[in-house]
file entry-v8.pdb (PDB, C-alpha atoms)
ATOM      1  CA  MET O   1       0.000   0.000   0.000
ATOM      2  CA  SER O   2       1.503   3.317  -1.083
ATOM      3  CA  ASN O   3       0.406   6.931  -1.447
ATOM      4  CA  ASN O   4      -2.268   6.341   1.211
ATOM      5  CA  ARG O   5      -4.305   4.330  -1.316
ATOM      6  CA  ILE O   6      -5.515   0.784  -1.911
ATOM      7  CA  ASN O   7      -3.617  -0.257  -5.016
ATOM      8  CA  LYS O   8      -3.712  -4.067  -5.201
ATOM      9  CA  VAL O   9      -7.033  -5.837  -4.626
ATOM     10  CA  ALA O  10      -7.458  -9.610  -4.400
ATOM     11  CA  ILE O  11     -10.905 -11.155  -4.769
ATOM     12  CA  VAL O  12     -12.130 -14.652  -3.951
ATOM     13  CA  GLY O  13     -15.173 -15.503  -6.069
ATOM     14  CA  ALA O  14     -14.594 -12.782  -8.671
ATOM     15  CA  THR O  15     -17.074 -14.258 -11.178
ATOM     16  CA  GLY O  16     -19.916 -14.471  -8.669
ATOM     17  CA  HIS O  17     -23.076 -12.402  -8.568
ATOM     18  CA  VAL O  18     -21.796  -9.599  -6.345
ATOM     19  CA  ALA O  19     -18.012  -9.789  -6.888
ATOM     20  CA  SER O  20     -18.357  -9.586 -10.677
ATOM     21  CA  HIS O  21     -20.038  -6.199 -10.240
ATOM     22  CA  VAL O  22     -17.239  -5.134  -7.896
ATOM     23  CA  VAL O  23     -14.673  -6.143 -10.535
ATOM     24  CA  LYS O  24     -16.560  -4.225 -13.227
ATOM     25  CA  HIS O  25     -16.642  -1.003 -11.230
ATOM     26  CA  LEU O  26     -13.100  -1.342  -9.893
ATOM     27  CA  LEU O  27     -11.842  -1.703 -13.456
ATOM     28  CA  ALA O  28     -13.833   1.372 -14.445
ATOM     29  CA  THR O  29     -11.966   3.489 -11.892
ATOM     30  CA  GLY O  30      -8.601   2.593 -13.409
ATOM     31  CA  LYS O  31      -7.048   2.947  -9.955
ATOM     32  CA  HIS O  32      -6.440  -0.653  -8.932
ATOM     33  CA  SER O  33      -4.584  -3.814  -9.860
ATOM     34  CA  ILE O  34      -7.073  -6.677  -9.459
ATOM     35  CA  THR O  35      -6.210 -10.308  -8.818
ATOM     36  CA  ALA O  36      -8.858 -13.026  -8.994
ATOM     37  CA  LEU O  37      -8.083 -16.056  -6.840
ATOM     38  CA  THR O  38      -9.456 -19.199  -8.413
ATOM     39  CA  ARG O  39      -9.158 -22.947  -8.040
ATOM     40  CA  GLN O  40      -6.337 -24.557  -9.987
ATOM     41  CA  GLU O  41      -8.775 -26.608 -12.058
ATOM     42  CA  SER O  42     -11.231 -23.751 -12.669
ATOM     43  CA  THR O  43     -12.246 -22.912 -16.231
ATOM     44  CA  ALA O  44     -13.688 -19.517 -15.266
ATOM     45  CA  THR O  45     -12.850 -16.576 -17.495
ATOM     46  CA  PHE O  46     -12.196 -13.031 -16.330
ATOM     47  CA  PRO O  47     -12.409  -9.588 -17.918
ATOM     48  CA  PRO O  48      -9.320  -8.109 -19.565
ATOM     49  CA  GLY O  49      -7.176  -6.353 -16.994
ATOM     50  CA  VAL O  50      -7.782  -8.898 -14.219
ATOM     51  CA  ASN O  51      -4.797 -10.932 -13.056
ATOM     52  CA  VAL O  52      -5.487 -14.574 -12.208
ATOM     53  CA  ALA O  53      -3.879 -16.477  -9.333
ATOM     54  CA  ARG O  54      -4.639 -20.201  -9.363
ATOM     55  CA  VAL O  55      -4.525 -21.531  -5.821
ATOM     56  CA  ASP O  56      -4.934 -24.739  -3.896
ATOM     57  CA  TYR O  57      -7.474 -23.810  -1.223
ATOM     58  CA  THR O  58      -6.350 -26.753   0.893
ATOM     59  CA  SER O  59      -2.797 -25.351   1.061
ATOM     60  CA  ASN O  60      -2.001 -22.449   3.388
ATOM     61  CA  GLU O  61       1.272 -21.920   1.536
ATOM     62  CA  SER O  62      -0.539 -21.584  -1.795
ATOM     63  CA  LEU O  63      -2.958 -19.020  -0.368
ATOM     64  CA  ILE O  64      -0.257 -17.015   1.413
ATOM     65  CA  THR O  65       1.876 -16.861  -1.721
ATOM     66  CA  ALA O  66      -1.040 -15.637  -3.826
ATOM     67  CA  LEU O  67      -2.063 -12.985  -1.289
ATOM     68  CA  LYS O  68       1.325 -11.462  -0.502
ATOM     69  CA  GLY O  69       1.676  -7.867  -1.630
ATOM     70  CA  HIS O  70      -2.041  -7.133  -1.798
ATOM     71  CA  ASP O  71      -3.616  -4.211   0.051
ATOM     72  CA  PHE O  72      -7.175  -5.514   0.235
ATOM     73  CA  LEU O  73      -8.884  -8.901   0.070
ATOM     74  CA  MET O  74     -12.573  -9.322  -0.702
ATOM     75  CA  ILE O  75     -13.987 -12.769   0.123
ATOM     76  CA  THR O  76     -17.169 -13.962  -1.554
ATOM     77  CA  LEU O  77     -18.061 -17.616  -1.097
ATOM     78  CA  PRO O  78     -21.244 -19.321  -2.329
ATOM     79  CA  GLY O  79     -23.597 -20.789   0.211
ATOM     80  CA  SER O  80     -23.071 -24.151  -1.476
ATOM     81  CA  HIS O  81     -19.347 -24.446  -0.693
ATOM     82  CA  LYS O  82     -18.670 -27.603   1.295
ATOM     83  CA  ASP O  83     -15.720 -26.635   3.508
ATOM     84  CA  ALA O  84     -17.112 -24.813   6.538
ATOM     85  CA  SER O  85     -13.578 -23.838   7.560
ATOM     86  CA  LEU O  86     -12.620 -22.304   4.206
ATOM     87  CA  HIS O  87     -13.390 -18.746   5.253
ATOM     88  CA  THR O  88     -11.221 -19.155   8.344
ATOM     89  CA  LYS O  89      -8.359 -20.554   6.234
ATOM     90  CA  ILE O  90      -8.500 -17.659   3.775
ATOM     91  CA  VAL O  91      -8.632 -15.013   6.506
ATOM     92  CA  GLN O  92      -5.719 -16.597   8.364
ATOM     93  CA  ALA O  93      -3.661 -16.828   5.177
ATOM     94  CA  ALA O  94      -4.353 -13.173   4.358
ATOM     95  CA  SER O  95      -3.366 -12.161   7.868
ATOM     96  CA  ILE O  96      -0.085 -14.097   7.670
ATOM     97  CA  ALA O  97       0.576 -12.704   4.182
ATOM     98  CA  GLY O  98       0.336  -9.189   5.583
ATOM     99  CA  VAL O  99      -2.827  -8.073   3.785
ATOM    100  CA  PRO O 100      -3.851  -4.983   5.779
ATOM    101  CA  TRP O 101      -7.582  -5.015   4.913
ATOM    102  CA  ILE O 102     -10.155  -7.789   4.508
ATOM    103  CA  MET O 103     -13.814  -7.660   3.473
ATOM    104  CA  PRO O 104     -15.224 -10.890   4.968
ATOM    105  CA  ASN O 105     -17.942 -13.071   3.505
ATOM    106  CA  ILE O 106     -20.729 -11.277   5.382
ATOM    107  CA  TYR O 107     -23.181  -9.645   3.008
ATOM    108  CA  ALA O 108     -26.387  -9.296   4.950
ATOM    109  CA  CYS O 109     -28.109  -6.989   7.423
ATOM    110  CA  ASP O 110     -26.510  -5.300  10.431
ATOM    111  CA  PRO O 111     -23.754  -7.761  11.427
ATOM    112  CA  PHE O 112     -23.763  -6.383  14.974
ATOM    113  CA  ASN O 113     -27.507  -6.864  15.566
ATOM    114  CA  ASN O 114     -27.414  -9.741  18.043
ATOM    115  CA  THR O 115     -31.193  -9.689  18.417
ATOM    116  CA  LEU O 116     -31.307 -10.802  14.797
ATOM    117  CA  ASN O 117     -28.217 -13.001  14.653
ATOM    118  CA  ASP O 118     -29.105 -14.965  17.786
ATOM    119  CA  THR O 119     -32.473 -15.952  16.295
ATOM    120  CA  TRP O 120     -31.677 -16.217  12.572
ATOM    121  CA  VAL O 121     -30.776 -19.251  10.504
ATOM    122  CA  PHE O 122     -27.970 -17.166   8.947
ATOM    123  CA  GLY O 123     -26.841 -15.745  12.280
ATOM    124  CA  ASN O 124     -24.202 -18.360  13.060
ATOM    125  CA  HIS O 125     -22.538 -17.724   9.702
ATOM    126  CA  VAL O 126     -22.423 -14.006  10.431
ATOM    127  CA  LYS O 127     -20.990 -14.529  13.908
ATOM    128  CA  THR O 128     -18.323 -17.061  12.882
ATOM    129  CA  SER O 129     -17.200 -15.025   9.873
ATOM    130  CA  LEU O 130     -16.996 -11.925  12.043
ATOM    131  CA  ALA O 131     -15.006 -13.874  14.634
ATOM    132  CA  ASP O 132     -12.508 -14.858  11.909
ATOM    133  CA  VAL O 133     -11.609 -11.274  11.045
ATOM    134  CA  GLN O 134     -11.704 -10.125  14.657
ATOM    135  CA  ALA O 135      -9.181 -12.852  15.521
ATOM    136  CA  ALA O 136      -6.975 -11.767  12.621
ATOM    137  CA  HIS O 137      -7.026  -8.191  13.863
ATOM    138  CA  LYS O 138      -6.068  -9.302  17.356
ATOM    139  CA  GLU O 139      -3.239 -11.518  16.122
ATOM    140  CA  THR O 140      -1.638  -9.430  13.364
ATOM    141  CA  GLY O 141      -3.450  -6.090  13.232
ATOM    142  CA  THR O 142      -5.218  -6.914   9.969
ATOM    143  CA  ASN O 143      -8.268  -4.656   9.649
ATOM    144  CA  HIS O 144     -11.640  -5.454   8.171
ATOM    145  CA  VAL O 145     -14.633  -3.676   6.722
ATOM    146  CA  ILE O 146     -17.980  -5.415   6.241
ATOM    147  CA  LEU O 147     -20.404  -4.610   3.419
ATOM    148  CA  ALA O 148     -23.854  -4.486   5.032
ATOM    149  CA  CYS O 149     -26.214  -4.468   2.080
ATOM    150  CA  GLY O 150     -29.250  -6.553   3.026
ATOM    151  CA  PHE O 151     -30.550  -9.206   0.664
ATOM    152  CA  TRP O 152     -29.889  -8.697  -3.038
ATOM    153  CA  TYR O 153     -33.045  -7.303  -4.578
ATOM    154  CA  GLU O 154     -33.023  -8.824  -8.068
ATOM    155  CA  TRP O 155     -32.142 -12.329  -6.889
ATOM    156  CA  SER O 156     -34.597 -12.270  -4.014
ATOM    157  CA  LEU O 157     -37.522 -10.887  -6.009
ATOM    158  CA  SER O 158     -37.047 -13.453  -8.759
ATOM    159  CA  HIS O 159     -36.711 -16.597  -6.647
ATOM    160  CA  GLY O 160     -40.299 -17.203  -5.683
ATOM    161  CA  GLU O 161     -42.483 -17.429  -2.629
ATOM    162  CA  ASN O 162     -39.741 -18.655  -0.297
ATOM    163  CA  SER O 163     -37.492 -15.639  -0.801
ATOM    164  CA  TYR O 164     -39.167 -12.219  -0.955
ATOM    165  CA  GLY O 165     -42.520 -13.978  -1.326
ATOM    166  CA  PHE O 166     -43.427 -13.472  -4.983
ATOM    167  CA  ASP O 167     -44.035 -15.980  -7.758
ATOM    168  CA  VAL O 168     -44.113 -13.357 -10.482
ATOM    169  CA  ALA O 169     -44.905 -15.629 -13.417
ATOM    170  CA  ASN O 170     -47.973 -17.079 -11.724
ATOM    171  CA  LYS O 171     -48.923 -13.894  -9.876
ATOM    172  CA  LYS O 172     -48.836 -15.520  -6.472
ATOM    173  CA  ALA O 173     -47.605 -13.931  -3.257
ATOM    174  CA  VAL O 174     -46.993 -15.084   0.298
ATOM    175  CA  ILE O 175     -47.086 -12.044   2.577
ATOM    176  CA  CYS O 176     -45.777 -12.217   6.130
ATOM    177  CA  ASP O 177     -48.200 -10.759   8.677
ATOM    178  CA  GLU O 178     -49.650  -7.650   7.001
ATOM    179  CA  GLY O 179     -46.683  -7.067   4.727
ATOM    180  CA  ALA O 180     -45.843  -3.797   6.474
ATOM    181  CA  ALA O 181     -42.423  -4.562   8.041
ATOM    182  CA  ARG O 182     -39.585  -2.886   6.185
ATOM    183  CA  ALA O 183     -36.081  -4.076   5.401
ATOM    184  CA  ASN O 184     -33.129  -2.748   3.468
ATOM    185  CA  THR O 185     -32.198  -4.394   0.184
ATOM    186  CA  SER O 186     -29.585  -3.685  -2.485
ATOM    187  CA  THR O 187     -29.049  -4.293  -6.175
ATOM    188  CA  PHE O 188     -25.895  -6.045  -7.297
ATOM    189  CA  ALA O 189     -24.867  -2.921  -9.188
ATOM    190  CA  LEU O 190     -25.094  -0.761  -6.087
ATOM    191  CA  CYS O 191     -22.885  -3.211  -4.181
ATOM    192  CA  GLY O 192     -20.302  -3.091  -6.953
ATOM    193  CA  LYS O 193     -20.316   0.690  -7.032
ATOM    194  CA  ALA O 194     -20.140   0.877  -3.240
ATOM    195  CA  VAL O 195     -17.021  -1.286  -2.935
ATOM    196  CA  ALA O 196     -15.317   0.484  -5.851
ATOM    197  CA  ALA O 197     -16.081   3.869  -4.287
ATOM    198  CA  LEU O 198     -14.851   2.733  -0.884
ATOM    199  CA  LEU O 199     -11.558   1.395  -2.243
ATOM    200  CA  SER O 200     -10.985   4.598  -4.218
ATOM    201  CA  LEU O 201     -10.915   6.663  -1.026
ATOM    202  CA  PRO O 202      -7.717   7.539   0.843
ATOM    203  CA  VAL O 203      -6.940   5.021   3.564
ATOM    204  CA  LYS O 204      -6.086   7.498   6.341
ATOM    205  CA  ARG O 205      -7.090  11.052   7.101
ATOM    206  CA  GLU O 206      -3.760  12.796   6.637
ATOM    207  CA  GLY O 207      -2.259  15.629   4.654
ATOM    208  CA  GLY O 208      -5.281  17.889   5.047
ATOM    209  CA  ILE O 209      -7.851  15.342   3.847
ATOM    210  CA  THR O 210     -11.308  16.329   5.096
ATOM    211  CA  GLY O 211     -13.579  13.925   3.231
ATOM    212  CA  PRO O 212     -14.308  10.276   4.017
ATOM    213  CA  VAL O 213     -11.449   7.793   4.300
ATOM    214  CA  ILE O 214     -11.468   4.001   4.511
ATOM    215  CA  GLU O 215     -10.445   4.111   8.160
ATOM    216  CA  ASP O 216     -13.823   5.701   8.935
ATOM    217  CA  TRP O 217     -15.154   2.130   8.658
ATOM    218  CA  LYS O 218     -12.150   0.403  10.243
ATOM    219  CA  ASN O 219     -13.235  -2.890  11.849
ATOM    220  CA  ASN O 220     -16.831  -1.895  11.301
ATOM    221  CA  ALA O 221     -19.452  -2.060   8.566
ATOM    222  CA  VAL O 222     -20.228   0.229   5.673
ATOM    223  CA  PHE O 223     -24.018   0.362   5.462
ATOM    224  CA  VAL O 224     -25.500   0.722   1.981
ATOM    225  CA  ALA O 225     -28.882  -0.002   0.432
ATOM    226  CA  SER O 226     -30.846   0.616  -2.707
ATOM    227  CA  TYR O 227     -34.220   0.590  -0.988
ATOM    228  CA  ARG O 228     -35.937   0.360   2.388
ATOM    229  CA  VAL O 229     -39.136  -1.467   1.549
ATOM    230  CA  SER O 230     -41.837  -3.793   2.792
ATOM    231  CA  GLN O 231     -43.380  -6.715   0.949
ATOM    232  CA  ARG O 232     -46.335  -4.464   0.328
ATOM    233  CA  ASP O 233     -44.041  -1.886  -1.301
ATOM    234  CA  MET O 234     -42.564  -4.569  -3.551
ATOM    235  CA  LEU O 235     -46.001  -5.799  -4.552
ATOM    236  CA  GLU O 236     -47.018  -2.242  -5.432
ATOM    237  CA  SER O 237     -43.888  -1.972  -7.595
ATOM    238  CA  LEU O 238     -44.845  -5.202  -9.346
ATOM    239  CA  HIS O 239     -48.329  -3.810  -9.905
ATOM    240  CA  ARG O 240     -46.905  -0.655 -11.497
ATOM    241  CA  VAL O 241     -44.599  -2.627 -13.773
ATOM    242  CA  LEU O 242     -47.145  -5.301 -14.727
ATOM    243  CA  GLY O 243     -50.203  -3.078 -14.744
ATOM    244  CA  THR O 244     -51.955  -5.362 -12.247
ATOM    245  CA  THR O 245     -53.881  -5.001  -8.996
ATOM    246  CA  ASP O 246     -54.287  -7.210  -5.936
ATOM    247  CA  ALA O 247     -57.439  -8.654  -7.497
ATOM    248  CA  GLU O 248     -55.327 -10.288 -10.234
ATOM    249  CA  TRP O 249     -52.974 -11.964  -7.762
ATOM    250  CA  SER O 250     -53.410 -14.900  -5.421
ATOM    251  CA  ILE O 251     -52.226 -13.461  -2.106
ATOM    252  CA  GLU O 252     -51.769 -15.573   1.000
ATOM    253  CA  TYR O 253     -51.078 -13.983   4.383
ATOM    254  CA  GLN O 254     -49.041 -15.988   6.898
ATOM    255  CA  SER O 255     -47.474 -15.309  10.272
ATOM    256  CA  SER O 256     -43.769 -14.488   9.907
ATOM    257  CA  GLU O 257     -43.009 -16.430  13.094
ATOM    258  CA  GLU O 258     -44.956 -19.459  11.868
ATOM    259  CA  ARG O 259     -43.077 -19.409   8.567
ATOM    260  CA  VAL O 260     -39.762 -19.329  10.399
ATOM    261  CA  ARG O 261     -40.811 -22.279  12.559
ATOM    262  CA  SER O 262     -42.000 -24.197   9.517
ATOM    263  CA  GLY O 263     -38.733 -23.399   7.793
ATOM    264  CA  TYR O 264     -36.673 -24.855  10.627
ATOM    265  CA  GLU O 265     -38.856 -27.970  10.677
ATOM    266  CA  ARG O 266     -38.344 -28.542   6.952
ATOM    267  CA  LEU O 267     -34.627 -27.866   7.247
ATOM    268  CA  ALA O 268     -34.354 -30.450  10.036
ATOM    269  CA  LYS O 269     -35.727 -33.001   7.577
ATOM    270  CA  GLY O 270     -33.075 -32.106   4.998
ATOM    271  CA  ASP O 271     -35.278 -29.825   2.889
ATOM    272  CA  PHE O 272     -33.209 -26.777   1.876
ATOM    273  CA  VAL O 273     -36.396 -24.869   1.045
ATOM    274  CA  GLY O 274     -36.800 -24.629   4.813
ATOM    275  CA  PHE O 275     -33.557 -22.680   5.035
ATOM    276  CA  MET O 276     -34.860 -20.136   2.544
ATOM    277  CA  MET O 277     -38.184 -19.813   4.375
ATOM    278  CA  ALA O 278     -36.479 -19.238   7.725
ATOM    279  CA  LEU O 279     -33.854 -16.945   6.223
ATOM    280  CA  TYR O 280     -36.249 -14.517   4.589
ATOM    281  CA  SER O 281     -39.281 -14.705   6.869
ATOM    282  CA  ARG O 282     -37.192 -13.675   9.886
ATOM    283  CA  ILE O 283     -36.510 -10.210   8.474
ATOM    284  CA  TRP O 284     -40.251  -9.582   8.171
ATOM    285  CA  TYR O 285     -40.831  -9.822  11.916
ATOM    286  CA  PRO O 286     -42.627  -6.708  13.231
ATOM    287  CA  THR O 287     -39.350  -5.794  14.977
ATOM    288  CA  GLU O 288     -37.979  -4.928  11.498
ATOM    289  CA  ASP O 289     -34.501  -6.321  12.162
ATOM    290  CA  GLY O 290     -33.770  -6.177   8.446
ATOM    291  CA  ASP O 291     -33.996  -2.380   8.572
ATOM    292  CA  TYR O 292     -30.581  -1.042   9.557
ATOM    293  CA  GLU O 293     -31.110   2.295   7.855
ATOM    294  CA  THR O 294     -33.309   3.572  10.680
ATOM    295  CA  SER O 295     -30.814   2.744  13.439
ATOM    296  CA  LYS O 296     -27.456   3.104  11.659
ATOM    297  CA  GLY O 297     -28.140   5.354   8.707
ATOM    298  CA  LEU O 298     -26.727   4.755   5.241
ATOM    299  CA  ASP O 299     -23.294   5.524   3.830
ATOM    300  CA  ASN O 300     -24.595   5.938   0.272
ATOM    301  CA  GLY O 301     -24.016   9.681   0.327
ATOM    302  CA  LYS O 302     -20.456   9.419   1.636
ATOM    303  CA  LEU O 303     -19.663   7.029  -1.204
ATOM    304  CA  GLY O 304     -21.352   9.162  -3.855
ATOM    305  CA  LEU O 305     -23.920   6.509  -4.784
ATOM    306  CA  ASP O 306     -26.809   7.614  -6.973
ATOM    307  CA  LYS O 307     -30.386   7.008  -5.887
ATOM    308  CA  GLU O 308     -32.026   4.041  -7.612
ATOM    309  CA  ASP O 309     -35.594   3.531  -8.815
ATOM    310  CA  ILE O 310     -37.249   0.380  -7.486
ATOM    311  CA  ASP O 311     -39.539   0.114 -10.494
ATOM    312  CA  VAL O 312     -36.495  -0.025 -12.796
ATOM    313  CA  SER O 313     -35.090  -2.917 -10.758
ATOM    314  CA  THR O 314     -38.454  -4.665 -10.639
ATOM    315  CA  LYS O 315     -38.929  -4.249 -14.387
ATOM    316  CA  TRP O 316     -35.538  -5.852 -15.026
ATOM    317  CA  VAL O 317     -36.572  -8.900 -12.983
ATOM    318  CA  VAL O 318     -39.940  -9.155 -14.727
ATOM    319  CA  GLU O 319     -38.317  -8.941 -18.157
ATOM    320  CA  GLN O 320     -35.677 -11.519 -17.283
ATOM    321  CA  LEU O 321     -38.262 -13.975 -16.007
ATOM    322  CA  ALA O 322     -40.363 -13.462 -19.134
ATOM    323  CA  SER O 323     -37.295 -14.052 -21.293
ATOM    324  CA  VAL O 324     -35.768 -17.164 -19.687
ATOM    325  CA  GLY O 325     -38.766 -18.542 -17.777
ATOM    326  CA  ASP O 326     -36.766 -19.712 -14.755
ATOM    327  CA  SER O 327     -34.960 -17.641 -12.133
ATOM    328  CA  ARG O 328     -32.103 -20.168 -12.119
ATOM    329  CA  LYS O 329     -31.332 -19.211 -15.722
ATOM    330  CA  ILE O 330     -31.076 -15.478 -15.083
ATOM    331  CA  THR O 331     -27.583 -14.031 -15.401
ATOM    332  CA  PHE O 332     -27.058 -11.827 -12.358
ATOM    333  CA  SER O 333     -23.297 -11.457 -12.805
ATOM    334  CA  ALA O 334     -21.933  -8.353 -14.496
TER     335      ALA O 334
END
call {"tool": "encode", "arguments": {"input": "entry-v8.pdb", "output": "structure tokens"}}
result
Amino acid sequence: MSNNRINKVAIVGATGHVASHVVKHLLATGKHSITALTRQESTATFPPGVNVARVDYTSNESLITALKGHDFLMITLPGSHKDASLHTKIVQAASIAGVPWIMPNIYACDPFNNTLNDTWVFGNHVKTSLADVQAAHKETGTNHVILACGFWYEWSLSHGENSYGFDVANKKAVICDEGAARANTSTFALCGKAVAALLSLPVKREGGITGPVIEDWKNNAVFVASYRVSQRDMLESLHRVLGTTDAEWSIEYQSSEERVRSGYERLAKGDFVGFMMALYSRIWYPTEDGDYETSKGLDNGKLGLDKEDIDVSTKWVVEQLASVGDSRKITFSA
């Protein structure tokens, strides 16, 4: 790290939904050297200008070698990865390699909201991932910054009744309680722009710098969001885009707490749909634990992020579903 700037950025999962948008917007700044860490046998392709480091994720030496000399590491791991200790291994390797900043694999709501994390199917992941980077800071002084962005809007709106609650193609909705609880949610593009803007800031406030610096979020979270909305707000957006009304939809109202309980019961029987039900329904509790904007505020303005239009995002989802017919076929990556 030189000139009080983040110059060399390493990314795990650079072709994924969120990291690909980060890569796109980092490249657009022209300020960073980007290295994508990938498995040795991977056939993934990367945009021009991205360096590729093929690593053996089972080898600490391989990871440390690949990470040496980098100023920032962003970790994005899919929920389907099998090695529960992989995040710990990567963080430890980065810490030993002397990487001064890590963005851990926590892309959710307020990571410090224990009321949520102690009662959420995703909470243990948040707490263990946070513990990884906190341990690294204690051991070597490696700092971290978490991207708190809520659920990703396009993915969540498109994936049916067990995510945000909408089966768009069949005009069916499952609404928790009265559909009034609000939560923050972000588009993939906003996340990409947010990380690129953050990493383009000076690291420290020195030499007369008066604006935001990365250290403003040192060992904390940067809170961003595209929207603060309820299920009712999302349904109204769908109505505006589709030209429909409630009368043209099949709408079922269920207790958010009952859906969470049902989700855990299904998950206990090996049904992954239960995980999705418990994951999403929990944020619709009347306590509005998915809304961090009200308690923490947003950092959108500090990062220079433009305001987004929910109907534009909703229209994109509707058009994609009409085009490919299945949310699993939608290309969310940049």
call {"tool": "residues_around", "arguments": {"input": "entry-v8.pdb", "residues": "Gln40 (chain O)", "least_positions_apart": "3", "cutoff": "8 Å", "atoms": "all atoms listed in the file", "output": "PyMOL selection string"}}
result
chain O and resi 54-56
call {"tool": "residues_near_point", "arguments": {"input": "entry-v8.pdb", "point": "(-37.3, -22.3, 5.4)", "cutoff": "9 Å", "atoms": "only C-alpha atoms", "output": "PyMOL selection string"}}
result
chain O and resi 121+162+259-267+271-281
call {"tool": "closest_residue", "arguments": {"input": "entry-v8.pdb", "among": "O:Gly208, O:Ala148, O:Ser33, O:Val318", "to": "Leu190 (chain O)", "atoms": "all atoms listed in the file"}}
result
O:Ala148
call {"tool": "residues_near_point", "arguments": {"input": "entry-v8.pdb", "point": "(-27.8, 7.7, -3.8)", "cutoff": "12 Å", "atoms": "all atoms listed in the file", "output": "PyMOL selection string"}}
result
chain O and resi 186+190-191+193-194+224-227+298-309
call {"tool": "closest_residue", "arguments": {"input": "entry-v8.pdb", "among": "O:Ala197, O:Asn220, O:Gly160, O:Cys176", "to": "Leu321 (chain O)", "atoms": "only C-alpha atoms"}}
result
O:Gly160
call {"tool": "residues_around", "arguments": {"input": "entry-v8.pdb", "residues": "region 241-245 of chain O", "least_positions_apart": "3", "cutoff": "8 Å", "atoms": "all atoms listed in the file", "output": "ChimeraX atom specification"}}
result
/O:237-238,248-249,311,314-315
call {"tool": "residues_around", "arguments": {"input": "entry-v8.pdb", "residues": "Leu157 (chain O)", "least_positions_apart": "4", "cutoff": "8 Å", "atoms": "all atoms listed in the file", "output": "PyMOL selection string"}}
result
chain O and resi 153+163-166+314+317
call {"tool": "build_atoms", "arguments": {"input": "entry-v8.pdb", "residues": "region 305-309 of chain O", "atoms": "all heavy atoms", "output": "PDB file, keeping the file's coordinate frame"}}
result
ATOM      1  N   LEU O 305     -23.062   7.441  -4.053  1.00  0.00           N
ATOM      2  CA  LEU O 305     -23.920   6.509  -4.784  1.00  0.00           C
ATOM      3  C   LEU O 305     -25.223   7.193  -5.202  1.00  0.00           C
ATOM      4  O   LEU O 305     -25.877   7.844  -4.397  1.00  0.00           O
ATOM      5  CB  LEU O 305     -24.242   5.291  -3.914  1.00  0.00           C
ATOM      6  CG  LEU O 305     -23.027   4.505  -3.399  1.00  0.00           C
ATOM      7  CD1 LEU O 305     -23.497   3.373  -2.490  1.00  0.00           C
ATOM      8  CD2 LEU O 305     -22.191   3.975  -4.546  1.00  0.00           C
ATOM      9  N   ASP O 306     -25.580   7.018  -6.455  1.00  0.00           N
ATOM     10  CA  ASP O 306     -26.809   7.614  -6.973  1.00  0.00           C
ATOM     11  C   ASP O 306     -28.038   6.875  -6.438  1.00  0.00           C
ATOM     12  O   ASP O 306     -27.994   5.672  -6.177  1.00  0.00           O
ATOM     13  CB  ASP O 306     -26.823   7.555  -8.502  1.00  0.00           C
ATOM     14  CG  ASP O 306     -25.764   8.444  -9.128  1.00  0.00           C
ATOM     15  OD1 ASP O 306     -25.379   9.453  -8.497  1.00  0.00           O
ATOM     16  OD2 ASP O 306     -25.303   8.109 -10.242  1.00  0.00           O
ATOM     17  N   LYS O 307     -29.121   7.612  -6.314  1.00  0.00           N
ATOM     18  CA  LYS O 307     -30.386   7.008  -5.887  1.00  0.00           C
ATOM     19  C   LYS O 307     -30.923   6.127  -7.004  1.00  0.00           C
ATOM     20  O   LYS O 307     -30.840   6.475  -8.192  1.00  0.00           O
ATOM     21  CB  LYS O 307     -31.401   8.101  -5.550  1.00  0.00           C
ATOM     22  CG  LYS O 307     -32.691   7.567  -4.962  1.00  0.00           C
ATOM     23  CD  LYS O 307     -33.616   8.704  -4.525  1.00  0.00           C
ATOM     24  CE  LYS O 307     -34.897   8.158  -3.915  1.00  0.00           C
ATOM     25  NZ  LYS O 307     -35.813   9.249  -3.479  1.00  0.00           N
ATOM     26  N   GLU O 308     -31.480   4.970  -6.631  1.00  0.00           N
ATOM     27  CA  GLU O 308     -32.026   4.041  -7.612  1.00  0.00           C
ATOM     28  C   GLU O 308     -33.552   4.065  -7.585  1.00  0.00           C
ATOM     29  O   GLU O 308     -34.163   4.498  -6.607  1.00  0.00           O
ATOM     30  CB  GLU O 308     -31.513   2.627  -7.345  1.00  0.00           C
ATOM     31  CG  GLU O 308     -30.001   2.497  -7.553  1.00  0.00           C
ATOM     32  CD  GLU O 308     -29.499   1.100  -7.264  1.00  0.00           C
ATOM     33  OE1 GLU O 308     -29.696   0.624  -6.119  1.00  0.00           O
ATOM     34  OE2 GLU O 308     -28.922   0.495  -8.165  1.00  0.00           O
ATOM     35  N   ASP O 309     -34.142   3.573  -8.657  1.00  0.00           N
ATOM     36  CA  ASP O 309     -35.594   3.531  -8.815  1.00  0.00           C
ATOM     37  C   ASP O 309     -36.045   2.077  -8.705  1.00  0.00           C
ATOM     38  O   ASP O 309     -35.674   1.241  -9.533  1.00  0.00           O
ATOM     39  CB  ASP O 309     -35.966   4.102 -10.190  1.00  0.00           C
ATOM     40  CG  ASP O 309     -37.465   4.201 -10.416  1.00  0.00           C
ATOM     41  OD1 ASP O 309     -38.223   3.415  -9.804  1.00  0.00           O
ATOM     42  OD2 ASP O 309     -37.893   5.048 -11.223  1.00  0.00           O
TER      43      ASP O 309
END
